[in-house]
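Read through the structure below, which is laid out as structure tokens, and then see the notes.
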Amino acid sequence: DHSFPTRRSSDLPLNLTDCIVVSMASVSAYDRHKETNRRSMATVSRRGRNIGDIPAVAVPERRREAAASFRVFCEAYFPETFNLEWSEDHLKAIGKNEESVLHGGLFGYAMPRGSGKTSLCECGGLWAELNGHRDFTALIGADEGKAGDMLDSVKVELESNDALAADYPEVCTPISCLEGIANRCSGQLHDDKRTRIEWTAKVIILPTLKPVGWLDDKELREFVRPDGYSLSSGAIIKVAGITGGIRGMKHKRADGKSVRPSLVILDDPQTDASARSPSQCETRELILSGAILGLAGPKKKIAGIMPCTVVRTGDMADRILDRTKYPQWNGVRTKMVYAFPANTKLWDEYARLRKAGQQAGDEGREATEFYRNHRKSMDEGAVVAWPVRFNHDELSAIQHAMNLKIDNERAFFAEYQNEPLPEEDSRADDLTPDQIAAKLNRMPRGL
């Protein structure tokens, strides 16, 4: 705003006031230059953090059917995980999982090791969150490490499952843009608004966004909420160990609303060590009945799913599955074998051949040939839960089950039948009261 007099080189130097005015003008120009650069860099940064438009759903009909049916969801998006034909026990578990998620209630079920119960749990949590059935799922394990393993598995599916990415782009696209770098979460933008995604070792918060372009498509309006945001916006999946910090688990959203878990998934909530400790079993039962089932808060019905394995008679799983003690859990026990073969003599001979073959290093091939030649008689009377479950070097699910029983009968009844054999009252090396009394010398103390 200052005017400067025209000066020739022969004129006297500028006076002090003129120098100050020139200096202020230079600073002002430099500030304008800095501000221009700042705005330019901010624009570049914002463009880099903006994930752009969300792609359209690839197969709307597939997503629509999967949202309504947990079984369809598993079959459509996880064919590699569930690549064998379902058993009747699987279908019952799937139905109970679906009922718990949609309508609330508690469901505890024991399945043989390797039946896919953990995979069903992980997929059940994803199904609930992606389709807006539940907005906060707590994954609880026997300890925090095991719960973290479940969350890692869920992350892998969200990052790399092509079918999920095709039909749930509003979730998988922002996750893909992170490229595995959790620090990018805070700055991620969609339509110049923060997605508020979180991606840590203990919690996933799915992106909050409006699927641009979807609202003009009548077929896709059912995939968004009335406010225009995706069904899964802000959905939370959080992990904890059963003996860890469970009380007060909650999350405050950007709109100021505080949300608590509405779905709890407890995958094998006991360890082998805790199952053999009556005090630890009692402690975990108290946590389950108190802290965990109270996570939803007052006047809210929580949904709970607990797949488990009975390790020993009277352990936590054994008691929770007992409907006389915990009828609210609707406990169900499934087995690998519901009826054993009637011809025990042939199976005794098979067991002898199998053990002899293993000692000789033939990996049981002679026993398998024996079973092949007498299969009709040896299978008579047997009923197995999952007929397609057997190894490549076995001929049937019956043979597979009997191999497990022959190799370790006690482990078989605990891990695969959920009916542990009674524990022996004492071992050969246990001390008896008489042995301890015989060691007393009856001398005064300190002598």
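Each chain of the structure tokens is named A, B, ... in the order shown, its residues numbered from 1; ligands are numbered from 1 in display order.
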
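The neighbours of Asn97 in chain A here are the residues that come within 10 Å of it, using only C-alpha atoms and leaving out any residue fewer than 2 positions away in the same chain; they are Phe70, Arg71, Leu91, Lys92, Ala93, Ile94, Gly95, Glu99, Ser100, Val101, Leu102, Gly104, Gly105, Leu106, Phe107, Gly108, Leu120, Cys121, Gly124, Gly125, Ala303, Gly304, Ile305 and Met306 of chain A.
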
Please save C-alpha atoms of the selected residues as an mmCIF file, in the first residue's frame.
```cif
data_model
loop_
_atom_site.group_PDB
_atom_site.id
_atom_site.type_symbol
_atom_site.label_atom_id
_atom_site.label_comp_id
_atom_site.auth_asym_id
_atom_site.auth_seq_id
_atom_site.Cartn_x
_atom_site.Cartn_y
_atom_site.Cartn_z
ATOM 1 C CA PHE A 70 -24.973 -67.605 6.429
ATOM 2 C CA ARG A 71 -24.577 -70.898 4.572
ATOM 3 C CA LEU A 91 -25.639 -77.529 8.886
ATOM 4 C CA LYS A 92 -27.077 -77.497 12.404
ATOM 5 C CA ALA A 93 -24.171 -75.354 13.639
ATOM 6 C CA ILE A 94 -24.575 -72.962 10.685
ATOM 7 C CA GLY A 95 -28.282 -72.624 11.437
ATOM 8 C CA GLU A 99 -30.120 -67.576 14.513
ATOM 9 C CA SER A 100 -27.850 -66.158 17.217
ATOM 10 C CA VAL A 101 -26.588 -63.343 14.976
ATOM 11 C CA LEU A 102 -30.013 -62.348 13.659
ATOM 12 C CA GLY A 104 -29.771 -62.935 19.722
ATOM 13 C CA GLY A 105 -29.370 -65.768 22.179
ATOM 14 C CA LEU A 106 -26.496 -68.026 23.187
ATOM 15 C CA PHE A 107 -25.248 -71.114 21.395
ATOM 16 C CA GLY A 108 -22.478 -73.392 22.608
ATOM 17 C CA LEU A 120 -17.198 -70.923 10.957
ATOM 18 C CA CYS A 121 -16.749 -68.472 13.854
ATOM 19 C CA GLY A 124 -19.829 -65.685 11.220
ATOM 20 C CA GLY A 125 -18.274 -62.487 12.542
ATOM 21 C CA ALA A 303 -25.691 -62.748 20.882
ATOM 22 C CA GLY A 304 -23.099 -65.313 21.909
ATOM 23 C CA ILE A 305 -21.467 -68.165 19.968
ATOM 24 C CA MET A 306 -19.053 -70.536 21.691
#
```

Subject >> Residues within 8 Å of range 196-203 of chain A, only C-alpha atoms, excluding chain neighbours under 5 positions, as an MDAnalysis selection string >> reply: chainID A and resid 148 151:152 182 185:186 188 208 234 236:240

Original post:
For Val59 in chain A, which residue among A:Ala165, A:Cys123, A:Val154, A:Ala401 is the nearest when counting only C-alpha atoms?
Top reply: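 Among the listed residues, the smallest separation from Val59 in chain A belongs to A:Ala165.
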
**OP:** To one decimal in Å, tell me the separation between CA of Thr334 in chain A and CA of Gly294 in chain A.
**Re:**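 A separation of 28.1 Å between them.
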
Subject >> Residue contacts of Asp89 in chain A (12 Å, only C-alpha atoms) excluding same-chain residues fewer than 5 positions away, as a ChimeraX atom specification >> reply: /A:94-96,109-112,115-117,332-338,384-387

Output N, CA and C atoms of each residue in that selection to a file, as a CSV table (one decimal), in the first residue's frame.
```
chain,number,residue,atom,x,y,z
A,94,ILE,N,-24.4,-74.1,11.5
A,94,ILE,CA,-24.6,-73.0,10.7
A,94,ILE,C,-25.9,-72.3,11.0
A,95,GLY,N,-27.0,-73.1,11.1
A,95,GLY,CA,-28.3,-72.6,11.4
A,95,GLY,C,-28.3,-71.9,12.8
A,96,LYS,N,-27.7,-72.5,13.8
A,96,LYS,CA,-27.6,-71.9,15.1
A,96,LYS,C,-26.8,-70.6,15.1
A,109,TYR,N,-21.4,-75.1,21.2
A,109,TYR,CA,-21.4,-76.4,20.6
A,109,TYR,C,-20.0,-76.9,20.5
A,110,ALA,N,-19.9,-78.2,20.8
A,110,ALA,CA,-18.6,-78.9,20.8
A,110,ALA,C,-18.5,-79.7,19.5
A,111,MET,N,-17.5,-79.6,18.7
A,111,MET,CA,-17.3,-80.3,17.5
A,111,MET,C,-15.9,-81.0,17.6
A,112,PRO,N,-15.7,-82.1,16.8
A,112,PRO,CA,-14.4,-82.7,16.8
A,112,PRO,C,-13.3,-81.7,16.3
A,115,SER,N,-12.9,-79.9,12.5
A,115,SER,CA,-14.2,-79.8,11.8
A,115,SER,C,-14.5,-78.4,11.2
A,116,GLY,N,-13.6,-77.5,11.5
A,116,GLY,CA,-13.8,-76.1,10.9
A,116,GLY,C,-14.6,-75.2,11.8
A,117,LYS,N,-14.7,-75.5,13.1
A,117,LYS,CA,-15.6,-74.6,13.9
A,117,LYS,C,-15.0,-73.3,14.1
A,332,VAL,N,-24.7,-78.1,22.6
A,332,VAL,CA,-24.9,-79.3,21.7
A,332,VAL,C,-23.5,-79.9,21.6
A,333,ARG,N,-23.5,-81.2,21.7
A,333,ARG,CA,-22.2,-82.0,21.5
A,333,ARG,C,-22.3,-82.8,20.3
A,334,THR,N,-21.3,-82.7,19.4
A,334,THR,CA,-21.3,-83.5,18.2
A,334,THR,C,-20.1,-84.4,18.4
A,335,LYS,N,-20.1,-85.5,17.6
A,335,LYS,CA,-19.1,-86.5,17.7
A,335,LYS,C,-18.6,-86.9,16.3
A,336,MET,N,-17.4,-87.5,16.2
A,336,MET,CA,-16.9,-88.0,15.0
A,336,MET,C,-17.6,-89.3,14.7
A,337,VAL,N,-17.8,-90.1,15.7
A,337,VAL,CA,-18.5,-91.4,15.5
A,337,VAL,C,-19.7,-91.5,16.4
A,338,TYR,N,-20.9,-91.8,15.8
A,338,TYR,CA,-22.1,-91.9,16.6
A,338,TYR,C,-22.4,-93.4,16.9
A,384,VAL,N,-20.8,-92.6,11.1
A,384,VAL,CA,-19.9,-91.4,11.3
A,384,VAL,C,-20.6,-90.1,10.9
A,385,ALA,N,-20.2,-89.0,11.6
A,385,ALA,CA,-20.8,-87.8,11.4
A,385,ALA,C,-20.5,-87.1,10.0
A,386,TRP,N,-19.3,-87.3,9.5
A,386,TRP,CA,-18.8,-86.6,8.3
A,386,TRP,C,-18.2,-87.6,7.4
A,387,PRO,N,-19.0,-88.2,6.5
A,387,PRO,CA,-18.5,-89.3,5.7
A,387,PRO,C,-17.4,-89.0,4.7
```

**OP:** Please report, as a ChimeraX atom specification, each residue of range 164-274 of chain A to which DSSP assigns alpha helix (DSSP H) when run on this structure's backbone.
**Re:** /A:164-167,169-178,272-274

Keeping only C-alpha atoms, write the selected residues as a PDB file, in the first residue's frame.
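Wrote result_24.pdb, looks like this:
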```pdb
ATOM      1  CA  LEU A 164     -15.364 -60.422  -1.106  1.00  0.00           C
ATOM      2  CA  ALA A 165     -13.582 -57.527  -2.811  1.00  0.00           C
ATOM      3  CA  ALA A 166     -15.892 -57.832  -5.820  1.00  0.00           C
ATOM      4  CA  ASP A 167     -19.166 -57.835  -3.863  1.00  0.00           C
ATOM      5  CA  PRO A 169     -16.069 -52.992  -2.505  1.00  0.00           C
ATOM      6  CA  GLU A 170     -17.085 -50.330   0.031  1.00  0.00           C
ATOM      7  CA  VAL A 171     -15.151 -52.331   2.652  1.00  0.00           C
ATOM      8  CA  CYS A 172     -12.349 -54.009   0.738  1.00  0.00           C
ATOM      9  CA  THR A 173     -11.349 -51.059  -1.476  1.00  0.00           C
ATOM     10  CA  PRO A 174     -10.373 -48.753   1.428  1.00  0.00           C
ATOM     11  CA  ILE A 175      -8.584 -51.674   3.112  1.00  0.00           C
ATOM     12  CA  SER A 176      -6.695 -52.443  -0.088  1.00  0.00           C
ATOM     13  CA  CYS A 177      -5.599 -48.793  -0.330  1.00  0.00           C
ATOM     14  CA  LEU A 178      -3.859 -49.121   3.031  1.00  0.00           C
ATOM     15  CA  ASP A 272      -5.369 -77.633  28.158  1.00  0.00           C
ATOM     16  CA  ALA A 273      -3.791 -76.324  31.369  1.00  0.00           C
ATOM     17  CA  SER A 274      -6.870 -74.380  32.503  1.00  0.00           C
TER      18      SER A 274
END
```
